[in-house]
file my_file.pdb (PDB, C-alpha atoms and all ligand atoms)
ATOM      1  CA  MET A   1    -166.542 149.403 114.364  1.00  0.00           C
ATOM      2  CA  PHE A   2    -162.872 148.580 114.640  1.00  0.00           C
ATOM      3  CA  ASN A   3    -160.836 145.394 114.831  1.00  0.00           C
ATOM      4  CA  ALA A   4    -159.359 144.428 118.179  1.00  0.00           C
ATOM      5  CA  VAL A   5    -156.745 141.768 118.924  1.00  0.00           C
ATOM      6  CA  ARG A   6    -157.229 139.576 121.965  1.00  0.00           C
ATOM      7  CA  THR A   7    -153.570 138.896 122.693  1.00  0.00           C
ATOM      8  CA  ILE A   8    -153.885 138.676 126.458  1.00  0.00           C
ATOM      9  CA  GLU A   9    -154.430 135.399 128.350  1.00  0.00           C
ATOM     10  CA  ALA A  10    -157.683 134.921 130.263  1.00  0.00           C
ATOM     11  CA  PRO A  11    -157.606 136.949 133.502  1.00  0.00           C
ATOM     12  CA  ALA A  12    -157.237 134.807 136.643  1.00  0.00           C
ATOM     13  CA  SER A  13    -160.583 135.712 138.200  1.00  0.00           C
ATOM     14  CA  LEU A  14    -162.537 133.946 135.420  1.00  0.00           C
ATOM     15  CA  ALA A  15    -161.239 130.512 136.476  1.00  0.00           C
ATOM     16  CA  ALA A  16    -163.215 130.694 139.729  1.00  0.00           C
ATOM     17  CA  LYS A  17    -166.453 131.070 137.694  1.00  0.00           C
ATOM     18  CA  GLN A  18    -167.864 133.386 140.340  1.00  0.00           C
ATOM     19  CA  ARG A  19    -167.996 136.608 138.363  1.00  0.00           C
ATOM     20  CA  TYR A  20    -167.143 137.550 134.789  1.00  0.00           C
ATOM     21  CA  ASP A  21    -166.630 141.279 135.375  1.00  0.00           C
ATOM     22  CA  GLY A  22    -163.846 141.366 137.956  1.00  0.00           C
ATOM     23  CA  ASP A  23    -161.288 144.165 138.041  1.00  0.00           C
ATOM     24  CA  ASP A  24    -158.708 142.105 136.138  1.00  0.00           C
ATOM     25  CA  VAL A  25    -161.195 141.345 133.343  1.00  0.00           C
ATOM     26  CA  TYR A  26    -162.136 144.997 133.060  1.00  0.00           C
ATOM     27  CA  ILE A  27    -158.484 146.157 133.019  1.00  0.00           C
ATOM     28  CA  GLU A  28    -157.490 143.691 130.279  1.00  0.00           C
ATOM     29  CA  LEU A  29    -160.575 144.478 128.178  1.00  0.00           C
ATOM     30  CA  CYS A  30    -159.733 148.195 128.371  1.00  0.00           C
ATOM     31  CA  LYS A  31    -156.292 147.402 126.906  1.00  0.00           C
ATOM     32  CA  ILE A  32    -157.674 145.219 124.106  1.00  0.00           C
ATOM     33  CA  PHE A  33    -160.414 147.671 123.120  1.00  0.00           C
ATOM     34  CA  PHE A  34    -158.369 150.855 123.693  1.00  0.00           C
ATOM     35  CA  ASP A  35    -160.866 152.026 126.356  1.00  0.00           C
ATOM     36  CA  LYS A  36    -163.546 152.152 123.649  1.00  0.00           C
ATOM     37  CA  CYS A  37    -167.003 150.654 123.320  1.00  0.00           C
ATOM     38  CA  TYR A  38    -166.553 148.036 120.580  1.00  0.00           C
ATOM     39  CA  ILE A  39    -169.860 149.007 118.967  1.00  0.00           C
ATOM     40  CA  CYS A  40    -170.133 152.817 118.960  1.00  0.00           C
ATOM     41  CA  GLU A  41    -166.381 153.538 119.412  1.00  0.00           C
ATOM     42  CA  THR A  42    -166.963 156.057 122.185  1.00  0.00           C
ATOM     43  CA  LYS A  43    -163.727 156.434 124.126  1.00  0.00           C
ATOM     44  CA  GLU A  44    -163.926 156.157 127.920  1.00  0.00           C
ATOM     45  CA  PRO A  45    -167.748 156.168 128.002  1.00  0.00           C
ATOM     46  CA  HIS A  46    -169.270 157.308 131.274  1.00  0.00           C
ATOM     47  CA  ASP A  47    -170.857 153.894 131.868  1.00  0.00           C
ATOM     48  CA  ILE A  48    -169.210 150.660 130.761  1.00  0.00           C
ATOM     49  CA  ASN A  49    -170.304 147.011 130.738  1.00  0.00           C
ATOM     50  CA  VAL A  50    -168.459 143.744 130.312  1.00  0.00           C
ATOM     51  CA  GLU A  51    -170.657 142.291 127.593  1.00  0.00           C
ATOM     52  CA  HIS A  52    -171.251 138.750 126.390  1.00  0.00           C
ATOM     53  CA  PHE A  53    -170.822 138.786 122.615  1.00  0.00           C
ATOM     54  CA  HIS A  54    -172.979 135.674 122.443  1.00  0.00           C
ATOM     55  CA  PRO A  55    -175.627 135.892 125.193  1.00  0.00           C
ATOM     56  CA  HIS A  56    -174.858 133.195 127.784  1.00  0.00           C
ATOM     57  CA  LYS A  57    -178.512 132.450 128.632  1.00  0.00           C
ATOM     58  CA  GLY A  58    -177.327 130.557 131.717  1.00  0.00           C
ATOM     59  CA  ASP A  59    -174.596 128.598 129.876  1.00  0.00           C
ATOM     60  CA  VAL A  60    -171.704 128.632 132.367  1.00  0.00           C
ATOM     61  CA  HIS A  61    -169.035 128.135 129.693  1.00  0.00           C
ATOM     62  CA  LYS A  62    -170.273 131.084 127.629  1.00  0.00           C
ATOM     63  CA  LYS A  63    -170.658 133.176 130.765  1.00  0.00           C
ATOM     64  CA  PHE A  64    -167.006 132.866 131.852  1.00  0.00           C
ATOM     65  CA  ASP A  65    -165.404 132.356 128.419  1.00  0.00           C
ATOM     66  CA  TRP A  66    -162.726 135.020 127.994  1.00  0.00           C
ATOM     67  CA  GLY A  67    -163.245 135.009 124.210  1.00  0.00           C
ATOM     68  CA  ASN A  68    -166.914 135.896 124.710  1.00  0.00           C
ATOM     69  CA  LEU A  69    -166.321 139.003 126.846  1.00  0.00           C
ATOM     70  CA  TYR A  70    -166.288 142.424 125.154  1.00  0.00           C
ATOM     71  CA  LEU A  71    -166.211 146.026 126.316  1.00  0.00           C
ATOM     72  CA  ALA A  72    -169.406 147.959 125.553  1.00  0.00           C
ATOM     73  CA  CYS A  73    -170.993 151.142 126.814  1.00  0.00           C
ATOM     74  CA  SER A  74    -174.237 150.552 128.664  1.00  0.00           C
ATOM     75  CA  ARG A  75    -176.244 152.255 125.910  1.00  0.00           C
ATOM     76  CA  CYS A  76    -174.938 149.927 123.166  1.00  0.00           C
ATOM     77  CA  ASN A  77    -175.234 146.933 125.478  1.00  0.00           C
ATOM     78  CA  ASN A  78    -178.857 147.819 126.063  1.00  0.00           C
ATOM     79  CA  ILE A  79    -179.576 148.287 122.347  1.00  0.00           C
ATOM     80  CA  LYS A  80    -177.843 145.057 121.329  1.00  0.00           C
ATOM     81  CA  LEU A  81    -179.371 142.680 123.910  1.00  0.00           C
ATOM     82  CA  ALA A  82    -180.225 139.278 122.416  1.00  0.00           C
ATOM     83  CA  GLU A  83    -181.662 140.708 119.227  1.00  0.00           C
ATOM     84  CA  PHE A  84    -178.263 141.190 117.603  1.00  0.00           C
ATOM     85  CA  ASP A  85    -176.459 138.024 118.627  1.00  0.00           C
ATOM     86  CA  ASP A  86    -174.957 137.164 115.234  1.00  0.00           C
ATOM     87  CA  ILE A  87    -173.101 140.309 114.229  1.00  0.00           C
ATOM     88  CA  LEU A  88    -169.581 140.747 112.823  1.00  0.00           C
ATOM     89  CA  ASP A  89    -166.922 139.784 115.354  1.00  0.00           C
ATOM     90  CA  CYS A  90    -164.384 142.588 115.684  1.00  0.00           C
ATOM     91  CA  CYS A  91    -161.938 140.164 117.352  1.00  0.00           C
ATOM     92  CA  ASP A  92    -162.002 137.805 114.347  1.00  0.00           C
ATOM     93  CA  THR A  93    -158.731 138.430 112.501  1.00  0.00           C
ATOM     94  CA  GLU A  94    -160.311 137.181 109.256  1.00  0.00           C
ATOM     95  CA  VAL A  95    -162.916 139.955 109.232  1.00  0.00           C
ATOM     96  CA  ASN A  96    -162.231 143.617 108.479  1.00  0.00           C
ATOM     97  CA  VAL A  97    -165.170 145.131 110.317  1.00  0.00           C
ATOM     98  CA  PHE A  98    -164.763 148.783 109.349  1.00  0.00           C
ATOM     99  CA  ARG A  99    -164.612 147.986 105.610  1.00  0.00           C
ATOM    100  CA  ALA A 100    -167.705 145.775 105.868  1.00  0.00           C
ATOM    101  CA  ILE A 101    -169.901 148.788 106.671  1.00  0.00           C
ATOM    102  CA  ARG A 102    -169.477 152.201 105.154  1.00  0.00           C
ATOM    103  CA  HIS A 103    -169.724 154.849 107.884  1.00  0.00           C
ATOM    104  CA  VAL A 104    -170.688 158.373 106.777  1.00  0.00           C
ATOM    105  CA  PRO A 105    -170.373 160.941 109.579  1.00  0.00           C
ATOM    106  CA  PRO A 106    -172.944 163.616 110.408  1.00  0.00           C
ATOM    107  CA  ILE A 107    -171.935 166.736 108.473  1.00  0.00           C
ATOM    108  CA  THR A 108    -173.222 169.240 111.034  1.00  0.00           C
ATOM    109  CA  PRO A 109    -173.306 169.013 114.864  1.00  0.00           C
ATOM    110  CA  TYR A 110    -177.087 168.592 114.866  1.00  0.00           C
ATOM    111  CA  ALA A 111    -177.426 166.397 111.780  1.00  0.00           C
ATOM    112  CA  LYS A 112    -180.419 164.087 112.106  1.00  0.00           C
ATOM    113  CA  THR A 113    -178.575 160.954 111.022  1.00  0.00           C
ATOM    114  CA  ALA A 114    -175.239 159.270 110.495  1.00  0.00           C
ATOM    115  CA  GLN A 115    -175.332 156.931 107.490  1.00  0.00           C
ATOM    116  CA  LEU A 116    -174.379 153.273 107.665  1.00  0.00           C
ATOM    117  CA  LEU A 117    -174.250 151.195 104.482  1.00  0.00           C
ATOM    118  CA  SER A 118    -173.606 147.467 104.103  1.00  0.00           C
ATOM    119  CA  MET A 119    -170.787 146.743 101.670  1.00  0.00           C
ATOM    120  CA  SER A 120    -171.947 143.187 100.956  1.00  0.00           C
ATOM    121  CA  ALA A 121    -175.046 141.009 101.141  1.00  0.00           C
ATOM    122  CA  ASP A 122    -173.613 138.942 104.019  1.00  0.00           C
ATOM    123  CA  PRO A 123    -176.425 138.627 106.643  1.00  0.00           C
ATOM    124  CA  LYS A 124    -173.917 139.308 109.459  1.00  0.00           C
ATOM    125  CA  VAL A 125    -172.890 142.550 107.781  1.00  0.00           C
ATOM    126  CA  GLU A 126    -176.503 143.634 107.367  1.00  0.00           C
ATOM    127  CA  LEU A 127    -177.377 142.733 110.964  1.00  0.00           C
ATOM    128  CA  SER A 128    -174.332 144.668 112.191  1.00  0.00           C
ATOM    129  CA  ARG A 129    -175.373 147.628 110.048  1.00  0.00           C
ATOM    130  CA  GLN A 130    -178.848 147.521 111.551  1.00  0.00           C
ATOM    131  CA  LEU A 131    -177.349 147.503 115.041  1.00  0.00           C
ATOM    132  CA  LEU A 132    -175.104 150.474 114.233  1.00  0.00           C
ATOM    133  CA  ASP A 133    -178.016 152.303 112.640  1.00  0.00           C
ATOM    134  CA  ARG A 134    -179.988 151.853 115.834  1.00  0.00           C
ATOM    135  CA  VAL A 135    -177.009 152.962 117.927  1.00  0.00           C
ATOM    136  CA  TYR A 136    -176.377 156.171 115.982  1.00  0.00           C
ATOM    137  CA  ASN A 137    -179.877 156.995 114.760  1.00  0.00           C
ATOM    138  CA  SER A 138    -182.383 155.387 117.086  1.00  0.00           C
ATOM    139  CA  ASP A 139    -185.362 157.490 118.065  1.00  0.00           C
ATOM    140  CA  HIS A 140    -187.675 154.812 119.455  1.00  0.00           C
ATOM    141  CA  SER A 141    -187.672 156.399 122.905  1.00  0.00           C
ATOM    142  CA  VAL A 142    -187.002 159.888 124.264  1.00  0.00           C
ATOM    143  CA  ASN A 143    -183.888 158.655 126.054  1.00  0.00           C
ATOM    144  CA  LYS A 144    -182.465 156.987 122.940  1.00  0.00           C
ATOM    145  CA  ARG A 145    -183.298 160.011 120.808  1.00  0.00           C
ATOM    146  CA  VAL A 146    -181.491 162.405 123.133  1.00  0.00           C
ATOM    147  CA  SER A 147    -178.493 160.124 123.697  1.00  0.00           C
ATOM    148  CA  GLY A 148    -178.304 159.344 119.956  1.00  0.00           C
ATOM    149  CA  ALA A 149    -178.168 163.055 119.119  1.00  0.00           C
ATOM    150  CA  PHE A 150    -175.415 163.471 121.733  1.00  0.00           C
ATOM    151  CA  LEU A 151    -173.483 160.584 120.169  1.00  0.00           C
ATOM    152  CA  ARG A 152    -173.775 162.059 116.663  1.00  0.00           C
ATOM    153  CA  ARG A 153    -172.438 165.367 117.955  1.00  0.00           C
ATOM    154  CA  LYS A 154    -169.399 163.550 119.341  1.00  0.00           C
ATOM    155  CA  VAL A 155    -168.838 161.845 115.981  1.00  0.00           C
ATOM    156  CA  PHE A 156    -169.199 165.201 114.238  1.00  0.00           C
ATOM    157  CA  TYR A 157    -166.594 166.846 116.497  1.00  0.00           C
ATOM    158  CA  GLN A 158    -164.139 164.065 115.678  1.00  0.00           C
ATOM    159  CA  TYR A 159    -164.929 164.498 111.982  1.00  0.00           C
ATOM    160  CA  ASN A 160    -164.337 168.226 112.440  1.00  0.00           C
ATOM    161  CA  LEU A 161    -160.852 167.493 113.779  1.00  0.00           C
ATOM    162  CA  LEU A 162    -160.229 165.621 110.542  1.00  0.00           C
ATOM    163  CA  LEU A 163    -161.559 168.525 108.453  1.00  0.00           C
ATOM    164  CA  ASP A 164    -159.086 170.861 110.162  1.00  0.00           C
ATOM    165  CA  GLN A 165    -156.246 168.597 109.043  1.00  0.00           C
ATOM    166  CA  ILE A 166    -157.644 168.153 105.535  1.00  0.00           C
ATOM    167  CA  ASN A 167    -157.947 171.933 105.151  1.00  0.00           C
ATOM    168  CA  SER A 168    -154.410 172.385 106.384  1.00  0.00           C
ATOM    169  CA  TYR A 169    -153.087 169.673 104.039  1.00  0.00           C
ATOM    170  CA  TYR A 170    -154.770 171.174 100.966  1.00  0.00           C
ATOM    171  CA  ASN A 171    -154.194 174.813 101.911  1.00  0.00           C
ATOM    172  CA  PRO A 172    -152.248 176.269  98.956  1.00  0.00           C
ATOM    173  CA  VAL A 173    -150.040 178.291 101.301  1.00  0.00           C
ATOM    174  CA  SER A 174    -149.174 175.400 103.649  1.00  0.00           C
ATOM    175  CA  THR A 175    -145.497 174.523 103.807  1.00  0.00           C
ATOM    176  CA  ASN A 176    -144.257 170.975 103.226  1.00  0.00           C
ATOM    177  CA  SER A 177    -143.646 170.613 106.918  1.00  0.00           C
ATOM    178  CA  GLU A 178    -147.197 171.731 107.722  1.00  0.00           C
ATOM    179  CA  ARG A 179    -148.544 169.177 105.240  1.00  0.00           C
ATOM    180  CA  GLU A 180    -146.418 166.472 106.873  1.00  0.00           C
ATOM    181  CA  THR A 181    -147.770 167.426 110.285  1.00  0.00           C
ATOM    182  CA  SER A 182    -151.337 167.247 108.965  1.00  0.00           C
ATOM    183  CA  LEU A 183    -150.693 163.751 107.622  1.00  0.00           C
ATOM    184  CA  GLU A 184    -149.264 162.656 110.987  1.00  0.00           C
ATOM    185  CA  ARG A 185    -152.343 164.015 112.735  1.00  0.00           C
ATOM    186  CA  MET A 186    -154.612 162.206 110.278  1.00  0.00           C
ATOM    187  CA  GLN A 187    -152.725 158.993 111.089  1.00  0.00           C
ATOM    188  CA  LYS A 188    -153.672 159.519 114.720  1.00  0.00           C
ATOM    189  CA  LEU A 189    -157.312 160.102 113.815  1.00  0.00           C
ATOM    190  CA  ILE A 190    -157.558 156.884 111.770  1.00  0.00           C
ATOM    191  CA  HIS A 191    -155.758 154.716 114.303  1.00  0.00           C
ATOM    192  CA  ARG A 192    -157.859 151.890 115.770  1.00  0.00           C
ATOM    193  CA  SER A 193    -157.442 153.440 119.213  1.00  0.00           C
ATOM    194  CA  ALA A 194    -159.030 156.765 118.165  1.00  0.00           C
ATOM    195  CA  PRO A 195    -162.726 157.497 118.761  1.00  0.00           C
ATOM    196  CA  TYR A 196    -165.068 156.831 115.825  1.00  0.00           C
ATOM    197  CA  SER A 197    -162.162 155.670 113.632  1.00  0.00           C
ATOM    198  CA  ALA A 198    -164.469 153.872 111.175  1.00  0.00           C
ATOM    199  CA  PHE A 199    -166.157 157.166 110.238  1.00  0.00           C
ATOM    200  CA  ILE A 200    -162.834 158.929 109.882  1.00  0.00           C
ATOM    201  CA  ARG A 201    -161.299 156.120 107.809  1.00  0.00           C
ATOM    202  CA  TRP A 202    -164.133 156.204 105.297  1.00  0.00           C
ATOM    203  CA  CYS A 203    -163.657 159.955 104.820  1.00  0.00           C
ATOM    204  CA  ILE A 204    -160.005 159.321 104.004  1.00  0.00           C
ATOM    205  CA  LEU A 205    -160.826 156.394 101.711  1.00  0.00           C
ATOM    206  CA  ASP A 206    -163.112 158.706  99.738  1.00  0.00           C
ATOM    207  CA  ASP A 207    -160.250 161.099  98.973  1.00  0.00           C
ATOM    208  CA  ALA A 208    -158.186 160.151  95.906  1.00  0.00           C
ATOM    209  CA  GLU A 209    -154.931 161.607  97.242  1.00  0.00           C
ATOM    210  CA  LEU A 210    -155.210 160.971 100.972  1.00  0.00           C
ATOM    211  CA  SER A 211    -156.403 157.389 100.560  1.00  0.00           C
ATOM    212  CA  ASP A 212    -153.186 156.487  98.714  1.00  0.00           C
ATOM    213  CA  LEU A 213    -151.072 158.150 101.410  1.00  0.00           C
ATOM    214  CA  LEU A 214    -152.901 156.762 104.432  1.00  0.00           C
ATOM    215  CA  VAL A 215    -154.511 153.438 103.502  1.00  0.00           C
ATOM    216  CA  GLY A 216    -151.412 151.639 104.782  1.00  0.00           C
ATOM    217  CA  PHE A 217    -152.187 152.889 108.284  1.00  0.00           C
ATOM    218  CA  MET A 218    -155.662 151.310 108.410  1.00  0.00           C
ATOM    219  CA  ASP A 219    -154.788 147.997 110.045  1.00  0.00           C
TER     220      ASP A 219
HETATM  221 ZN    ZN B   1    -171.317 152.146 122.687  1.00  0.00          ZN
END
call {"tool": "encode", "arguments": {"input": "my_file.pdb", "output": "structure tokens", "more": "lines below"}}
Ligand SMILES: [Zn+2]
result
Amino acid sequence: MFNAVRTIEAPASLAAKQRYDGDDVYIELCKIFFDKCYICETKEPHDINVEHFHPHKGDVHKKFDWGNLYLACSRCNNIKLAEFDDILDCCDTEVNVFRAIRHVPPITPYAKTAQLLSMSADPKVELSRQLLDRVYNSDHSVNKRVSGAFLRRKVFYQYNLLLDQINSYYNPVSTNSERETSLERMQKLIHRSAPYSAFIRWCILDDAELSDLLVGFMD
């Protein structure tokens, strides 16, 4: 997960209380969430939903409340449903969502799991971890098993981009300028707008040298 900042005013179409997923809502949500699903961090997923963070259950205020609308891929939306209605809020500026849950990427393209670990006993953290575990590792149906494996491969390929830069940075024959370039590329990979940034950030945090150099870029 990644933190998002809801700086934009409520889109005009919400005031009419006719629909909550108008074009203007979708466009503004794409800006706020960097075109990513706020749960799995897939960039530009093939199927996107305007999701109610707290299920509206017919409550008109909750249904058209700008602060309750999030951008999620249809797969995560389907997994979350009403079962996970009290998870960490990535738009809450008081909560650092990526640090709350340790994300360990799959280490091969066909790894059977990606590991998610709660970093505290907070029930919201644990519920969020359970949701993420189901998103990345679910095998309770054929569809979820296949799409989960596909998702883990995408996380692995992003992790592999990071490994390329780590290898370049620590290559004993790299020049200073090559090392600088690798650091700049790692900054791009850990940026909130990058796919699967929580996984990539935790890899960097685990490295004694790189964490010191890059922790300042994990806003
Ligand atoms: Zn998703």
call {"tool": "closest_residue", "arguments": {"input": "my_file.pdb", "among": "A:Val5, A:Ala194, A:Val135, A:Ile204", "to": "A:Ile166", "atoms": "all atoms listed in the file"}}
result
A:Ile204
call {"tool": "closest_atom_pairs", "arguments": {"input": "my_file.pdb", "of": "stretch 114-164 of chain A", "to": "stretch 80-88 of chain A", "cutoff": "10 Å", "atoms": "all atoms listed in the file", "output": "JSON lines"}}
result
{"residue": "A:Asp122", "atom": "CA", "partner": "A:Leu88", "partner_atom": "CA", "distance": 9.9}
{"residue": "A:Pro123", "atom": "CA", "partner": "A:Ile87", "partner_atom": "CA", "distance": 8.5}
{"residue": "A:Lys124", "atom": "CA", "partner": "A:Ile87", "partner_atom": "CA", "distance": 4.9}
{"residue": "A:Val125", "atom": "CA", "partner": "A:Leu88", "partner_atom": "CA", "distance": 6.3}
{"residue": "A:Glu126", "atom": "CA", "partner": "A:Ile87", "partner_atom": "CA", "distance": 8.3}
{"residue": "A:Leu127", "atom": "CA", "partner": "A:Ile87", "partner_atom": "CA", "distance": 5.9}
{"residue": "A:Ser128", "atom": "CA", "partner": "A:Ile87", "partner_atom": "CA", "distance": 5.0}
{"residue": "A:Arg129", "atom": "CA", "partner": "A:Ile87", "partner_atom": "CA", "distance": 8.7}
{"residue": "A:Gln130", "atom": "CA", "partner": "A:Phe84", "partner_atom": "CA", "distance": 8.8}
{"residue": "A:Leu131", "atom": "CA", "partner": "A:Lys80", "partner_atom": "CA", "distance": 6.8}
{"residue": "A:Leu132", "atom": "CA", "partner": "A:Lys80", "partner_atom": "CA", "distance": 9.3}
{"residue": "A:Arg134", "atom": "CA", "partner": "A:Lys80", "partner_atom": "CA", "distance": 9.0}
{"residue": "A:Val135", "atom": "CA", "partner": "A:Lys80", "partner_atom": "CA", "distance": 8.6}
call {"tool": "atom_distance", "arguments": {"input": "my_file.pdb", "atom1": "atom CA of A:Lys188", "atom2": "atom CA of A:Asp133"}}
result
25.5 Å
call {"tool": "residues_around", "arguments": {"input": "my_file.pdb", "residues": "stretch 27-37 of chain A", "least_positions_apart": "6", "cutoff": "7 Å", "atoms": "all atoms listed in the file", "output": "PDB file with C-alpha atoms, in the frame of the given file"}}
result
ATOM      1  CA  ALA A   4    -159.359 144.428 118.179  1.00  0.00           C
ATOM      2  CA  VAL A   5    -156.745 141.768 118.924  1.00  0.00           C
ATOM      3  CA  ARG A   6    -157.229 139.576 121.965  1.00  0.00           C
ATOM      4  CA  LYS A  43    -163.727 156.434 124.126  1.00  0.00           C
ATOM      5  CA  GLU A  44    -163.926 156.157 127.920  1.00  0.00           C
ATOM      6  CA  TYR A  70    -166.288 142.424 125.154  1.00  0.00           C
ATOM      7  CA  LEU A  71    -166.211 146.026 126.316  1.00  0.00           C
ATOM      8  CA  ALA A  72    -169.406 147.959 125.553  1.00  0.00           C
ATOM      9  CA  CYS A  73    -170.993 151.142 126.814  1.00  0.00           C
ATOM     10  CA  SER A 193    -157.442 153.440 119.213  1.00  0.00           C
TER      11      SER A 193
END
call {"tool": "closest_residue", "arguments": {"input": "my_file.pdb", "among": "A:Val97, A:Ala111, A:Ala198, A:Leu189", "to": "A:Arg152", "atoms": "all atoms listed in the file"}}
result
A:Ala111
call {"tool": "resolve_selection", "arguments": {"input": "my_file.pdb", "expression": "the PyMOL selection byres (((chain A and resi 41) around 8) and not hetatm)", "output": "list in words"}}
result
Met1, Phe2, Lys36, Cys37, Tyr38, Ile39, Cys40, Thr42, Lys43, Pro195, Tyr196 and Ser197 of chain A
call {"tool": "resolve_selection", "arguments": {"input": "my_file.pdb", "expression": "the PyMOL selection byres (((chain A and resi 24) around 10) and not hetatm)", "output": "mmCIF file with C-alpha atoms, in the frame of the given file"}}
result
data_model
loop_
_atom_site.group_PDB
_atom_site.id
_atom_site.type_symbol
_atom_site.label_atom_id
_atom_site.label_comp_id
_atom_site.auth_asym_id
_atom_site.auth_seq_id
_atom_site.Cartn_x
_atom_site.Cartn_y
_atom_site.Cartn_z
ATOM 1 C CA ALA A 10 -157.683 134.921 130.263
ATOM 2 C CA PRO A 11 -157.606 136.949 133.502
ATOM 3 C CA ALA A 12 -157.237 134.807 136.643
ATOM 4 C CA SER A 13 -160.583 135.712 138.200
ATOM 5 C CA LEU A 14 -162.537 133.946 135.420
ATOM 6 C CA TYR A 20 -167.143 137.550 134.789
ATOM 7 C CA ASP A 21 -166.630 141.279 135.375
ATOM 8 C CA GLY A 22 -163.846 141.366 137.956
ATOM 9 C CA ASP A 23 -161.288 144.165 138.041
ATOM 10 C CA VAL A 25 -161.195 141.345 133.343
ATOM 11 C CA TYR A 26 -162.136 144.997 133.060
ATOM 12 C CA ILE A 27 -158.484 146.157 133.019
ATOM 13 C CA GLU A 28 -157.490 143.691 130.279
ATOM 14 C CA LEU A 29 -160.575 144.478 128.178
ATOM 15 C CA CYS A 30 -159.733 148.195 128.371
#
call {"tool": "residues_around", "arguments": {"input": "my_file.pdb", "residues": "A:Lys112", "least_positions_apart": "2", "cutoff": "12 Å", "atoms": "all atoms listed in the file", "output": "ChimeraX atom specification"}}
result
/A:105-110,114-115,136-139,145-146,148-153,156
call {"tool": "residues_around", "arguments": {"input": "my_file.pdb", "residues": "A:Lys63", "least_positions_apart": "3", "cutoff": "12 Å", "atoms": "all atoms listed in the file", "output": "MDAnalysis selection string"}}
result
chainID A and resid 14:21 50:60 66:70
call {"tool": "atom_distance", "arguments": {"input": "my_file.pdb", "atom1": "atom CA of A:Asp219", "atom2": "atom CA of A:Ser168"}}
result
24.7 Å
call {"tool": "build_atoms", "arguments": {"input": "my_file.pdb", "residues": "stretch 5-17 of chain A", "atoms": "N, CA and C atoms", "output": "tab-separated table (two decimals), keeping the file's coordinate frame"}}
result
chain	number	residue	atom	x	y	z
A	5	VAL	N	-157.51	143.02	118.87
A	5	VAL	CA	-156.74	141.77	118.92
A	5	VAL	C	-156.67	141.30	120.37
A	6	ARG	N	-157.20	140.10	120.60
A	6	ARG	CA	-157.23	139.58	121.96
A	6	ARG	C	-155.94	138.79	122.23
A	7	THR	N	-154.89	139.53	122.52
A	7	THR	CA	-153.57	138.90	122.69
A	7	THR	C	-153.35	138.41	124.13
A	8	ILE	N	-154.16	138.92	125.03
A	8	ILE	CA	-153.88	138.68	126.46
A	8	ILE	C	-154.57	137.39	126.94
A	9	GLU	N	-153.86	136.63	127.79
A	9	GLU	CA	-154.43	135.40	128.35
A	9	GLU	C	-155.65	135.72	129.21
A	10	ALA	N	-156.49	134.71	129.43
A	10	ALA	CA	-157.68	134.92	130.26
A	10	ALA	C	-157.29	135.39	131.67
A	11	PRO	N	-157.90	136.47	132.14
A	11	PRO	CA	-157.61	136.95	133.50
A	11	PRO	C	-157.93	135.88	134.55
A	12	ALA	N	-157.16	135.88	135.65
A	12	ALA	CA	-157.24	134.81	136.64
A	12	ALA	C	-158.62	134.67	137.27
A	13	SER	N	-159.32	135.78	137.46
A	13	SER	CA	-160.58	135.71	138.20
A	13	SER	C	-161.64	134.86	137.50
A	14	LEU	N	-161.52	134.70	136.16
A	14	LEU	CA	-162.54	133.95	135.42
A	14	LEU	C	-162.53	132.46	135.79
A	15	ALA	N	-161.36	131.95	136.19
A	15	ALA	CA	-161.24	130.51	136.48
A	15	ALA	C	-162.15	130.09	137.63
A	16	ALA	N	-162.39	131.02	138.56
A	16	ALA	CA	-163.22	130.69	139.73
A	16	ALA	C	-164.70	130.59	139.36
A	17	LYS	N	-165.06	131.10	138.18
A	17	LYS	CA	-166.45	131.07	137.69
A	17	LYS	C	-167.44	131.67	138.70
